[in-house]
Amino acid sequence: MIRKLASLFLKAITAVAVVGFGIIPPLLHIGVSLVGNQLLTKEVKLGAVYFNPFTLNLTLVALDIEDTAQLSSISIDAQWQDLAQFIFPPSGQQRTFALNSIQIDEPATKLIFNKKGIANVAALLAPTAQKPQATPDEPGKSVHFLVRETTLRKGKFQFTDHQYTHKTSPFNLTLDHIDLVGQNIGWPESSADITINTHLNDSTRLTSQLHLQLAEDPINTIASGAITLKKLNLPDFQPIISKYANAELKSGNLNVEAQVNWQHTDGVEIESNASIDKLRIDSTINQEPVVRWLHLQVNGLAYRESDNRLTVQQIALSDPEAVIAIDENLQVNLAALAKETSSTAQQPTAPGYSPESSPEKDNARDFSLAIKTFSIANGAMDFSDRSFEPGFATPIVNLNGKVSGFDSKSQTPATIDIAGRVDRYAPVTIQGAINPSSPLDQTNLSMSFKNLELTTLTPYSGRFAGYSIQKGRMHLDLNYGIRNHQLSATNEMLLDKLILGSKVDSDESVDLPIRLAIALLKDRNGQIDIKLPVSGDLDNPEFKLGPIIRTALFNLITNLISAPFDLLASLVGGSAEEMQFINFAPGEFSLQQYQQIESLDKLAKALQERPELQLEVTGKTANQSDWPLVAEKLLNEQLYKSWINTLENQQQPIPESTSLSMINPEVHLQLLTQVATKMNDSGRATIALENNNIASITEQLIQQWPYNEAAMRELAIDRAKEIKDYLMNEGGLAPERIYLLDVQHLAKGTEEQIATELQLDAG
């Protein structure tokens, strides 16, 4: 009996061995090839099949799907106990197909998208007749699947995209040396742990540890994972960038540490730290750098899908550099980086569908962003404007500061505090607060620039003012406040020791006496203080800040030039008209009236405050008002000379103090008669001498006295000299600051006063 049992046992073992080792492998080999080639459009090749019926180990060697996937070997281990429980499950227990292990060696596959976005695997499955849908398994009746240990070694995955890349350079991504270890991977229920280690494009190290808690009810499914990405070479993504931007990623490494969690009710939750090192982006238009930095660190990044909210604890940017350039066509280099792309074709939609009314949009929360701190250390920016000749360029360096409390959902303003230097010497500060959720409702910004060398602005001054700048510095304080879409701003500019240089020919320069405007504004300390208030409605599409500021500055200069004495009067509290026009009594040139003296005193004081101004004095006379008195003066001078000659001829003593009032009336009348007779005889006058007295003859002589232009000119000059002498002697002005212009004669003038006009010019 024993011998019979032993014989049967040996025969059974032999049969199992023959079937397992000899029959099953070739059948599987044929089956895999036939079924694979029937189901797939690509040729399936299999090198060898090994099966151990005693250990239930199945190994497929050299599996190859044409141009799609290959693997060196796949080894599957099962246990007789698991197989028995699957075939004959214990009462009340779930039917489970369990494998002890699966080991895959050197798998390799390719995923390629063409220019139309169609993947190479899309046509991998051969078309088959549509089969009726299978009836869902009743709860508790479905077959479960479980692999206790899954190992993948030295895998390789190649991804190529032609759709979203430059037409001549597809995007290639290679995952190489893929090592995967999985524990308890199953379906539909399992608690699996998976570890993945791989290299991305050779230089990048990617590691991840995943945990999957699968449940038959998807609501109870949970997934979590820790992902580490080290030194991802960003220039590898250049083919994608080239399609959308005129930019080249010259260098940059991305590092990421992230924890990802997912569950059905709350969606995705991400917590991460990331950094980008040694980034450099160049423009492909001119092959010049545009942006670069040494290190960007992002700490405490968290995203919650349930809130649709992204929060960041800290963003720290070290040694950033940016280049902003305006070319000859007024094109900004940053704006020129973006390429124009054709719009995406509209996808067909179901009748009555509207994106605004879609359930997803109705249930979705608005995205919100919060950044606790954004800091900049040792930043720099190069600005250049080549839209005109000779162009302009200046660097901003040593940028340090931070923006704190940015939250797009909060009404609490974010604070800004940034400092730097323009051209290495001029400090710059930017401070303020802005409401991220509604910046047009609440914003306050203050920008301060100190000790800016004005010589660097010579290209602009030559272009718009028509002069180069020889010397000077500028202090600029800008304060901008916005409340309920209404802008209220002040622009305070202090120019120190500004000296204009040579004249510059420019078609765009304003036609204004710029030198005079500067002299009017520059005080005794060599400073020009300008305040330009600006306000407006930001909702008005015609409101543009730049043109408004330029217009305000132009109007300021125009008003100064058109009424320069108004500025001087404002300095000392006088009357602009009384400073500009000094009134003299008819025929007089002396300053005797209090009003004249007071006006000149205030004018001198004002000119002391504006040391670069020069004064021009134009002496004036009026025929109607001045000439009768000048003629009377000339008559009296002739009478006086005649009287002196008479005394000398009669050898009478000449009084030390003489005047016409000392002349005997008879002698006075005799002298007048002589002058009148002489004028009548010469035909220059027709003076009636019969029964006339001194007053009558004098009046006739004055009325008919020959006009003397030299005497009138002398009066006008005396008036101008009187003003200059007073301003020099009493006002303390240097003589080189006062010019006497050629005199003017007026046909008419008032009987009470004649005004001598003063004008201003730049020194």
# chains A, B, ... in the order shown; residues from 1 in each chain; ligands from 1

call {"tool": "residues_around", "arguments": {"residues": "Asp277 of chain A", "least_positions_apart": "2", "cutoff": "9 Å", "atoms": "only C-alpha atoms", "output": "JSON, numbers by chain"}}
result
{"A": [231, 251, 252, 253, 254, 255, 275, 279, 293, 294, 295, 296, 297]}

call {"tool": "write_last_selection", "arguments": {"atoms": "N, CA and C atoms", "output": "JSON list (two decimals), in the first residue's frame"}}
result
[["chain", "number", "residue", "atom", "x", "y", "z"],
["A", 231, "LYS", "N", 17.70, 69.40, -7.35],
["A", 231, "LYS", "CA", 18.47, 69.87, -8.49],
["A", 231, "LYS", "C", 17.80, 69.54, -9.83],
["A", 251, "SER", "N", 20.20, 78.92, -16.92],
["A", 251, "SER", "CA", 20.58, 78.10, -15.77],
["A", 251, "SER", "C", 19.48, 78.19, -14.72],
["A", 252, "GLY", "N", 19.53, 77.28, -13.77],
["A", 252, "GLY", "CA", 18.56, 77.26, -12.67],
["A", 252, "GLY", "C", 18.28, 75.86, -12.20],
["A", 253, "ASN", "N", 18.26, 75.67, -10.89],
["A", 253, "ASN", "CA", 17.97, 74.37, -10.28],
["A", 253, "ASN", "C", 16.80, 74.53, -9.32],
["A", 254, "LEU", "N", 15.84, 73.60, -9.41],
["A", 254, "LEU", "CA", 14.68, 73.61, -8.54],
["A", 254, "LEU", "C", 14.81, 72.49, -7.52],
["A", 255, "ASN", "N", 14.56, 72.82, -6.25],
["A", 255, "ASN", "CA", 14.54, 71.85, -5.17],
["A", 255, "ASN", "C", 13.20, 71.94, -4.45],
["A", 275, "SER", "N", 12.98, 75.78, -3.42],
["A", 275, "SER", "CA", 14.01, 76.78, -3.71],
["A", 275, "SER", "C", 14.41, 76.67, -5.18],
["A", 279, "LEU", "N", 19.29, 81.04, -10.97],
["A", 279, "LEU", "CA", 18.43, 81.21, -12.14],
["A", 279, "LEU", "C", 18.97, 82.32, -13.03],
["A", 293, "TRP", "N", 18.91, 85.45, -10.44],
["A", 293, "TRP", "CA", 19.11, 85.57, -9.00],
["A", 293, "TRP", "C", 19.98, 84.42, -8.50],
["A", 294, "LEU", "N", 20.50, 84.62, -7.32],
["A", 294, "LEU", "CA", 21.36, 83.60, -6.73],
["A", 294, "LEU", "C", 20.53, 82.53, -6.04],
["A", 295, "HIS", "N", 19.52, 82.95, -5.28],
["A", 295, "HIS", "CA", 18.76, 81.96, -4.50],
["A", 295, "HIS", "C", 17.36, 82.50, -4.23],
["A", 296, "LEU", "N", 16.37, 81.66, -4.44],
["A", 296, "LEU", "CA", 14.99, 81.95, -4.07],
["A", 296, "LEU", "C", 14.52, 80.84, -3.15],
["A", 297, "GLN", "N", 14.12, 81.21, -1.94],
["A", 297, "GLN", "CA", 13.67, 80.23, -0.96],
["A", 297, "GLN", "C", 12.21, 80.48, -0.62]]

call {"tool": "residues_around", "arguments": {"residues": "Ile74 of chain A", "least_positions_apart": "3", "cutoff": "9 Å", "atoms": "only C-alpha atoms", "output": "number ranges by chain"}}
result
A: 58-63, 71, 102-105, 107

call {"tool": "closest_residue", "arguments": {"among": "A:Leu516, A:Val510, A:Gly683, A:Gly526", "to": "Asp496 of chain A", "atoms": "only C-alpha atoms"}}
result
A:Gly526

call {"tool": "residues_around", "arguments": {"residues": "segment 726-741 of chain A", "least_positions_apart": "4", "cutoff": "12 Å", "atoms": "only C-alpha atoms", "output": "JSON, numbers by chain"}}
result
{"A": [590, 591, 592, 596, 597, 598, 599, 600, 601, 602, 603, 604, 605, 606, 607, 608, 609, 610, 611, 612, 613, 614, 615, 616, 617, 618, 619, 620, 716, 717, 718, 719, 720, 721, 722, 756, 757, 758, 759, 760, 761, 762, 763]}

call {"tool": "closest_residue", "arguments": {"among": "A:Ser642, A:Ser368, A:Gln580, A:Asn398", "to": "Ala563 of chain A", "atoms": "only C-alpha atoms"}}
result
A:Gln580

call {"tool": "residues_around", "arguments": {"residues": "Lys633 of chain A", "least_positions_apart": "6", "cutoff": "10 Å", "atoms": "only C-alpha atoms", "output": "PyMOL selection string"}}
result
chain A and resi 587+627+639+702+711

call {"tool": "atom_distance", "arguments": {"atom1": "atom CA of Thr394 of chain A", "atom2": "atom CA of Gly546 of chain A"}}
result
20.0 Å

call {"tool": "select_by_dssp", "arguments": {"residues": "segment 527-727 of chain A", "states": "strand (DSSP E)", "output": "list of chain:residue names"}}
result
A:Gln527, A:Ile528, A:Asp529, A:Ile530, A:Lys531, A:Leu532, A:Pro533, A:Val534, A:Ser535, A:Gly536, A:Asp537, A:Phe581, A:Ile582, A:Asn583, A:Phe584, A:Leu613, A:Gln614, A:Leu615, A:Glu616, A:Val617, A:Thr618, A:Gly619, A:Lys620, A:Thr621, A:Ala622

call {"tool": "write_last_selection", "arguments": {"atoms": "N, CA and C atoms", "output": "PDB file, in the first residue's frame"}}
result
ATOM      1  N   GLN A 527      19.023 125.959  -4.090  1.00  0.00           N
ATOM      2  CA  GLN A 527      18.042 124.885  -4.107  1.00  0.00           C
ATOM      3  C   GLN A 527      16.749 125.333  -4.782  1.00  0.00           C
ATOM      4  N   ILE A 528      16.141 124.371  -5.468  1.00  0.00           N
ATOM      5  CA  ILE A 528      14.844 124.585  -6.103  1.00  0.00           C
ATOM      6  C   ILE A 528      13.857 123.620  -5.477  1.00  0.00           C
ATOM      7  N   ASP A 529      12.834 124.147  -4.867  1.00  0.00           N
ATOM      8  CA  ASP A 529      11.835 123.323  -4.171  1.00  0.00           C
ATOM      9  C   ASP A 529      10.520 123.401  -4.950  1.00  0.00           C
ATOM     10  N   ILE A 530      10.101 122.253  -5.501  1.00  0.00           N
ATOM     11  CA  ILE A 530       8.883 122.194  -6.313  1.00  0.00           C
ATOM     12  C   ILE A 530       7.913 121.207  -5.687  1.00  0.00           C
ATOM     13  N   LYS A 531       6.677 121.616  -5.560  1.00  0.00           N
ATOM     14  CA  LYS A 531       5.622 120.738  -5.052  1.00  0.00           C
ATOM     15  C   LYS A 531       4.514 120.685  -6.103  1.00  0.00           C
ATOM     16  N   LEU A 532       4.226 119.464  -6.562  1.00  0.00           N
ATOM     17  CA  LEU A 532       3.190 119.272  -7.577  1.00  0.00           C
ATOM     18  C   LEU A 532       2.101 118.363  -7.017  1.00  0.00           C
ATOM     19  N   PRO A 533       0.983 118.904  -6.602  1.00  0.00           N
ATOM     20  CA  PRO A 533      -0.134 118.042  -6.180  1.00  0.00           C
ATOM     21  C   PRO A 533      -0.870 117.477  -7.383  1.00  0.00           C
ATOM     22  N   VAL A 534      -1.311 116.236  -7.276  1.00  0.00           N
ATOM     23  CA  VAL A 534      -2.050 115.575  -8.348  1.00  0.00           C
ATOM     24  C   VAL A 534      -3.233 114.847  -7.728  1.00  0.00           C
ATOM     25  N   SER A 535      -4.372 114.948  -8.350  1.00  0.00           N
ATOM     26  CA  SER A 535      -5.549 114.219  -7.880  1.00  0.00           C
ATOM     27  C   SER A 535      -6.388 113.835  -9.086  1.00  0.00           C
ATOM     28  N   GLY A 536      -7.229 112.815  -8.891  1.00  0.00           N
ATOM     29  CA  GLY A 536      -8.073 112.396 -10.002  1.00  0.00           C
ATOM     30  C   GLY A 536      -8.851 111.148  -9.689  1.00  0.00           C
ATOM     31  N   ASP A 537      -9.770 110.838 -10.581  1.00  0.00           N
ATOM     32  CA  ASP A 537     -10.641 109.674 -10.465  1.00  0.00           C
ATOM     33  C   ASP A 537     -10.013 108.527 -11.255  1.00  0.00           C
ATOM     34  N   PHE A 581       6.852 147.851 -11.817  1.00  0.00           N
ATOM     35  CA  PHE A 581       6.717 149.194 -12.394  1.00  0.00           C
ATOM     36  C   PHE A 581       6.972 150.223 -11.295  1.00  0.00           C
ATOM     37  N   ILE A 582       8.053 150.990 -11.427  1.00  0.00           N
ATOM     38  CA  ILE A 582       8.396 152.042 -10.477  1.00  0.00           C
ATOM     39  C   ILE A 582       7.925 153.375 -11.068  1.00  0.00           C
ATOM     40  N   ASN A 583       7.011 154.031 -10.370  1.00  0.00           N
ATOM     41  CA  ASN A 583       6.383 155.243 -10.883  1.00  0.00           C
ATOM     42  C   ASN A 583       7.171 156.494 -10.476  1.00  0.00           C
ATOM     43  N   PHE A 584       7.319 157.412 -11.421  1.00  0.00           N
ATOM     44  CA  PHE A 584       7.967 158.699 -11.181  1.00  0.00           C
ATOM     45  C   PHE A 584       6.975 159.812 -11.485  1.00  0.00           C
ATOM     46  N   LEU A 613      19.055 135.563 -10.454  1.00  0.00           N
ATOM     47  CA  LEU A 613      18.261 136.449 -11.288  1.00  0.00           C
ATOM     48  C   LEU A 613      19.028 137.737 -11.570  1.00  0.00           C
ATOM     49  N   GLN A 614      18.865 138.249 -12.767  1.00  0.00           N
ATOM     50  CA  GLN A 614      19.377 139.558 -13.137  1.00  0.00           C
ATOM     51  C   GLN A 614      18.200 140.489 -13.387  1.00  0.00           C
ATOM     52  N   LEU A 615      18.414 141.766 -13.062  1.00  0.00           N
ATOM     53  CA  LEU A 615      17.357 142.767 -13.221  1.00  0.00           C
ATOM     54  C   LEU A 615      17.683 143.664 -14.407  1.00  0.00           C
ATOM     55  N   GLU A 616      16.709 143.901 -15.233  1.00  0.00           N
ATOM     56  CA  GLU A 616      16.851 144.786 -16.386  1.00  0.00           C
ATOM     57  C   GLU A 616      15.912 145.969 -16.195  1.00  0.00           C
ATOM     58  N   VAL A 617      16.492 147.176 -16.286  1.00  0.00           N
ATOM     59  CA  VAL A 617      15.725 148.403 -16.041  1.00  0.00           C
ATOM     60  C   VAL A 617      15.599 149.171 -17.351  1.00  0.00           C
ATOM     61  N   THR A 618      14.392 149.480 -17.711  1.00  0.00           N
ATOM     62  CA  THR A 618      14.116 150.248 -18.926  1.00  0.00           C
ATOM     63  C   THR A 618      13.551 151.612 -18.527  1.00  0.00           C
ATOM     64  N   GLY A 619      14.386 152.648 -18.619  1.00  0.00           N
ATOM     65  CA  GLY A 619      13.906 153.997 -18.334  1.00  0.00           C
ATOM     66  C   GLY A 619      12.939 154.467 -19.396  1.00  0.00           C
ATOM     67  N   LYS A 620      11.864 155.150 -18.937  1.00  0.00           N
ATOM     68  CA  LYS A 620      10.837 155.583 -19.879  1.00  0.00           C
ATOM     69  C   LYS A 620      10.455 157.028 -19.615  1.00  0.00           C
ATOM     70  N   THR A 621      10.039 157.715 -20.670  1.00  0.00           N
ATOM     71  CA  THR A 621       9.462 159.048 -20.577  1.00  0.00           C
ATOM     72  C   THR A 621       8.210 159.100 -21.440  1.00  0.00           C
ATOM     73  N   ALA A 622       7.327 160.053 -21.098  1.00  0.00           N
ATOM     74  CA  ALA A 622       6.080 160.224 -21.846  1.00  0.00           C
ATOM     75  C   ALA A 622       5.988 161.667 -22.329  1.00  0.00           C
TER      76      ALA A 622
END

call {"tool": "select_by_dssp", "arguments": {"residues": "segment 312-528 of chain A", "states": "alpha helix (DSSP H)", "output": "MDAnalysis selection string"}}
result
chainID A and resid 333:336 359:363 458:464 514:521

call {"tool": "write_last_selection", "arguments": {"atoms": "N, CA and C atoms", "output": "compact mmCIF listing (two decimals), in the first residue's frame"}}
result
# COMPACT_ATOMS: atom_id res chain seq x y z
N ASN A 333 11.53 95.58 -22.94
CA ASN A 333 12.08 94.24 -23.19
C ASN A 333 11.25 93.15 -22.50
N LEU A 334 10.73 93.42 -21.32
CA LEU A 334 9.94 92.39 -20.62
C LEU A 334 8.65 92.09 -21.37
N ALA A 335 8.02 93.14 -21.92
CA ALA A 335 6.80 92.91 -22.69
C ALA A 335 7.08 92.17 -23.98
N ALA A 336 8.28 92.35 -24.52
CA ALA A 336 8.62 91.69 -25.77
C ALA A 336 8.94 90.22 -25.60
N PRO A 359 -21.92 73.50 -12.62
CA PRO A 359 -21.91 73.14 -11.20
C PRO A 359 -20.54 73.32 -10.58
N GLU A 360 -19.48 73.03 -11.34
CA GLU A 360 -18.15 73.16 -10.76
C GLU A 360 -17.88 74.60 -10.37
N LYS A 361 -18.31 75.54 -11.25
CA LYS A 361 -18.05 76.95 -10.95
C LYS A 361 -18.91 77.43 -9.80
N ASP A 362 -20.17 76.94 -9.74
CA ASP A 362 -21.06 77.35 -8.67
C ASP A 362 -20.53 76.91 -7.32
N ASN A 363 -19.93 75.71 -7.27
CA ASN A 363 -19.47 75.17 -5.99
C ASN A 363 -18.05 75.59 -5.65
N THR A 458 20.98 113.90 -18.00
CA THR A 458 21.27 114.77 -19.14
C THR A 458 20.57 114.32 -20.43
N PRO A 459 20.53 113.02 -20.75
CA PRO A 459 19.81 112.63 -21.97
C PRO A 459 18.35 113.08 -21.99
N TYR A 460 17.68 113.01 -20.83
CA TYR A 460 16.29 113.45 -20.78
C TYR A 460 16.17 114.97 -20.78
N SER A 461 17.05 115.67 -20.06
CA SER A 461 16.99 117.13 -20.03
C SER A 461 17.29 117.70 -21.42
N GLY A 462 18.22 117.08 -22.13
CA GLY A 462 18.50 117.53 -23.49
C GLY A 462 17.33 117.28 -24.42
N ARG A 463 16.67 116.16 -24.21
CA ARG A 463 15.56 115.80 -25.10
C ARG A 463 14.34 116.68 -24.87
N PHE A 464 13.98 116.94 -23.59
CA PHE A 464 12.73 117.63 -23.31
C PHE A 464 12.91 119.09 -22.92
N ILE A 514 14.02 128.14 -20.13
CA ILE A 514 14.29 127.26 -19.00
C ILE A 514 15.25 127.89 -18.01
N ARG A 515 16.28 128.58 -18.52
CA ARG A 515 17.25 129.19 -17.61
C ARG A 515 16.58 130.21 -16.69
N LEU A 516 15.68 131.00 -17.23
CA LEU A 516 14.97 131.98 -16.40
C LEU A 516 14.11 131.27 -15.36
N ALA A 517 13.45 130.20 -15.78
CA ALA A 517 12.61 129.46 -14.83
C ALA A 517 13.45 128.93 -13.67
N ILE A 518 14.64 128.42 -13.98
CA ILE A 518 15.52 127.90 -12.93
C ILE A 518 15.98 129.02 -12.01
N ALA A 519 16.35 130.16 -12.61
CA ALA A 519 16.78 131.29 -11.79
C ALA A 519 15.66 131.79 -10.89
N LEU A 520 14.43 131.76 -11.37
CA LEU A 520 13.29 132.17 -10.54
C LEU A 520 13.07 131.23 -9.37
N LEU A 521 13.33 129.95 -9.60
CA LEU A 521 13.04 128.95 -8.57
C LEU A 521 14.20 128.72 -7.61

call {"tool": "closest_residue", "arguments": {"among": "A:Met493, A:Val143, A:Ala108, A:Val630", "to": "Ile178 of chain A", "atoms": "only C-alpha atoms"}}
result
A:Ala108

call {"tool": "residues_around", "arguments": {"residues": "Ser410 of chain A", "least_positions_apart": "6", "cutoff": "9 Å", "atoms": "only C-alpha atoms", "output": "mmCIF file with C-alpha atoms, in the first residue's frame"}}
result
data_model
loop_
_atom_site.group_PDB
_atom_site.id
_atom_site.type_symbol
_atom_site.label_atom_id
_atom_site.label_comp_id
_atom_site.auth_asym_id
_atom_site.auth_seq_id
_atom_site.Cartn_x
_atom_site.Cartn_y
_atom_site.Cartn_z
ATOM 1 C CA ALA A 370 -1.542 84.951 1.430
ATOM 2 C CA ASN A 435 -4.928 96.577 0.554
ATOM 3 C CA PRO A 436 -4.411 93.463 -1.594
ATOM 4 C CA SER A 437 -8.107 92.674 -1.889
#

call {"tool": "closest_residue", "arguments": {"among": "A:Leu445, A:Ile499, A:Ile396, A:Leu206", "to": "Asp423 of chain A", "atoms": "only C-alpha atoms"}}
result
A:Ile396

call {"tool": "residues_around", "arguments": {"residues": "Phe157 of chain A", "least_positions_apart": "4", "cutoff": "12 Å", "atoms": "only C-alpha atoms", "output": "list in words"}}
result
Thr68, Ala69, Gln70, Leu71, Glu106, Pro107, Ala108, Thr109, Lys110, Leu111, Ile112, Asn172, Leu173, Thr174, Leu175, Asp176, His177, Ile178, Asp179, Thr198, His199, Leu200 and Asn201 of chain A

call {"tool": "write_last_selection", "arguments": {"atoms": "N, CA and C atoms", "output": "mmCIF file, in the first residue's frame"}}
result
data_model
loop_
_atom_site.group_PDB
_atom_site.id
_atom_site.type_symbol
_atom_site.label_atom_id
_atom_site.label_comp_id
_atom_site.auth_asym_id
_atom_site.auth_seq_id
_atom_site.Cartn_x
_atom_site.Cartn_y
_atom_site.Cartn_z
ATOM 1 N N THR A 68 7.228 50.690 -27.911
ATOM 2 C CA THR A 68 6.396 51.205 -26.825
ATOM 3 C C THR A 68 6.964 50.872 -25.460
ATOM 4 N N ALA A 69 7.224 49.589 -25.218
ATOM 5 C CA ALA A 69 7.694 49.182 -23.893
ATOM 6 C C ALA A 69 8.534 47.923 -24.013
ATOM 7 N N GLN A 70 9.480 47.814 -23.090
ATOM 8 C CA GLN A 70 10.323 46.620 -22.976
ATOM 9 C C GLN A 70 10.611 46.389 -21.504
ATOM 10 N N LEU A 71 10.904 45.118 -21.196
ATOM 11 C CA LEU A 71 11.403 44.825 -19.852
ATOM 12 C C LEU A 71 12.308 43.601 -19.935
ATOM 13 N N GLU A 106 14.357 46.146 -15.124
ATOM 14 C CA GLU A 106 14.722 46.956 -16.287
ATOM 15 C C GLU A 106 13.551 47.193 -17.255
ATOM 16 N N PRO A 107 12.409 47.622 -16.737
ATOM 17 C CA PRO A 107 11.333 47.980 -17.664
ATOM 18 C C PRO A 107 11.644 49.332 -18.322
ATOM 19 N N ALA A 108 11.199 49.485 -19.533
ATOM 20 C CA ALA A 108 11.392 50.745 -20.261
ATOM 21 C C ALA A 108 10.175 50.996 -21.130
ATOM 22 N N THR A 109 9.708 52.253 -21.123
ATOM 23 C CA THR A 109 8.554 52.602 -21.942
ATOM 24 C C THR A 109 8.688 54.029 -22.434
ATOM 25 N N LYS A 110 7.939 54.341 -23.496
ATOM 26 C CA LYS A 110 7.963 55.663 -24.097
ATOM 27 C C LYS A 110 6.543 56.183 -24.229
ATOM 28 N N LEU A 111 6.381 57.462 -23.900
ATOM 29 C CA LEU A 111 5.106 58.144 -24.108
ATOM 30 C C LEU A 111 5.393 59.378 -24.951
ATOM 31 N N ILE A 112 4.806 59.429 -26.142
ATOM 32 C CA ILE A 112 5.105 60.494 -27.101
ATOM 33 C C ILE A 112 3.796 61.140 -27.548
ATOM 34 N N ASN A 172 11.763 66.738 -23.926
ATOM 35 C CA ASN A 172 12.106 65.367 -23.557
ATOM 36 C C ASN A 172 12.334 65.287 -22.055
ATOM 37 N N LEU A 173 11.732 64.277 -21.468
ATOM 38 C CA LEU A 173 11.901 64.033 -20.037
ATOM 39 C C LEU A 173 12.160 62.547 -19.839
ATOM 40 N N THR A 174 13.210 62.247 -19.125
ATOM 41 C CA THR A 174 13.590 60.845 -18.921
ATOM 42 C C THR A 174 13.700 60.546 -17.434
ATOM 43 N N LEU A 175 12.925 59.560 -16.994
ATOM 44 C CA LEU A 175 13.084 59.015 -15.648
ATOM 45 C C LEU A 175 13.909 57.742 -15.771
ATOM 46 N N ASP A 176 15.080 57.762 -15.170
ATOM 47 C CA ASP A 176 16.010 56.636 -15.317
ATOM 48 C C ASP A 176 16.357 56.093 -13.937
ATOM 49 N N HIS A 177 16.828 54.839 -13.942
ATOM 50 C CA HIS A 177 17.191 54.177 -12.681
ATOM 51 C C HIS A 177 16.009 54.210 -11.701
ATOM 52 N N ILE A 178 14.846 53.886 -12.229
ATOM 53 C CA ILE A 178 13.655 53.886 -11.376
ATOM 54 C C ILE A 178 13.675 52.641 -10.495
ATOM 55 N N ASP A 179 13.641 52.875 -9.193
ATOM 56 C CA ASP A 179 13.541 51.787 -8.215
ATOM 57 C C ASP A 179 12.282 52.007 -7.402
ATOM 58 N N THR A 198 14.372 57.665 -8.146
ATOM 59 C CA THR A 198 14.700 57.718 -9.562
ATOM 60 C C THR A 198 15.550 58.944 -9.865
ATOM 61 N N HIS A 199 16.093 58.973 -11.063
ATOM 62 C CA HIS A 199 16.813 60.130 -11.570
ATOM 63 C C HIS A 199 16.018 60.719 -12.731
ATOM 64 N N LEU A 200 15.916 62.043 -12.730
ATOM 65 C CA LEU A 200 15.199 62.729 -13.795
ATOM 66 C C LEU A 200 16.235 63.438 -14.665
ATOM 67 N N ASN A 201 16.270 63.065 -15.928
ATOM 68 C CA ASN A 201 17.259 63.633 -16.859
ATOM 69 C C ASN A 201 18.668 63.590 -16.284
#

call {"tool": "closest_residue", "arguments": {"among": "A:Ile76, A:Ala258, A:Leu214, A:Val181", "to": "Ile227 of chain A", "atoms": "only C-alpha atoms"}}
result
A:Ala258

call {"tool": "atom_distance", "arguments": {"atom1": "atom CA of Ser208 of chain A", "atom2": "atom CA of Ala223 of chain A"}}
result
12.9 Å

call {"tool": "residues_around", "arguments": {"residues": "segment 643-652 of chain A", "least_positions_apart": "4", "cutoff": "9 Å", "atoms": "only C-alpha atoms", "output": "list in words"}}
result
Gln638, Leu639, Leu660, Ile663, Val667, His668 and Leu671 of chain A

call {"tool": "write_last_selection", "arguments": {"atoms": "N, CA, C and O atoms", "output": "PDB file, in the first residue's frame"}}
result
ATOM      1  N   GLN A 638      18.227 178.270 -19.489  1.00  0.00           N
ATOM      2  CA  GLN A 638      18.667 179.324 -20.404  1.00  0.00           C
ATOM      3  C   GLN A 638      18.527 180.703 -19.751  1.00  0.00           C
ATOM      4  O   GLN A 638      19.411 181.576 -19.889  1.00  0.00           O
ATOM      5  N   LEU A 639      17.432 180.933 -19.016  1.00  0.00           N
ATOM      6  CA  LEU A 639      17.249 182.191 -18.304  1.00  0.00           C
ATOM      7  C   LEU A 639      18.345 182.399 -17.272  1.00  0.00           C
ATOM      8  O   LEU A 639      18.873 183.523 -17.111  1.00  0.00           O
ATOM      9  N   LEU A 660      16.163 181.495  -9.829  1.00  0.00           N
ATOM     10  CA  LEU A 660      15.363 182.447 -10.586  1.00  0.00           C
ATOM     11  C   LEU A 660      14.514 183.324  -9.677  1.00  0.00           C
ATOM     12  O   LEU A 660      14.127 184.444 -10.055  1.00  0.00           O
ATOM     13  N   ILE A 663      15.918 186.786  -9.031  1.00  0.00           N
ATOM     14  CA  ILE A 663      16.007 187.771 -10.107  1.00  0.00           C
ATOM     15  C   ILE A 663      14.916 188.823  -9.929  1.00  0.00           C
ATOM     16  O   ILE A 663      13.753 188.494  -9.623  1.00  0.00           O
ATOM     17  N   VAL A 667      13.919 192.355 -14.467  1.00  0.00           N
ATOM     18  CA  VAL A 667      14.988 191.660 -15.176  1.00  0.00           C
ATOM     19  C   VAL A 667      14.480 190.323 -15.705  1.00  0.00           C
ATOM     20  O   VAL A 667      14.786 189.916 -16.837  1.00  0.00           O
ATOM     21  N   HIS A 668      13.677 189.640 -14.876  1.00  0.00           N
ATOM     22  CA  HIS A 668      13.101 188.340 -15.279  1.00  0.00           C
ATOM     23  C   HIS A 668      12.252 188.497 -16.535  1.00  0.00           C
ATOM     24  O   HIS A 668      12.368 187.703 -17.497  1.00  0.00           O
ATOM     25  N   LEU A 671      14.493 189.172 -19.524  1.00  0.00           N
ATOM     26  CA  LEU A 671      15.161 187.960 -20.011  1.00  0.00           C
ATOM     27  C   LEU A 671      14.182 187.088 -20.811  1.00  0.00           C
ATOM     28  O   LEU A 671      14.533 186.522 -21.855  1.00  0.00           O
TER      29      LEU A 671
END
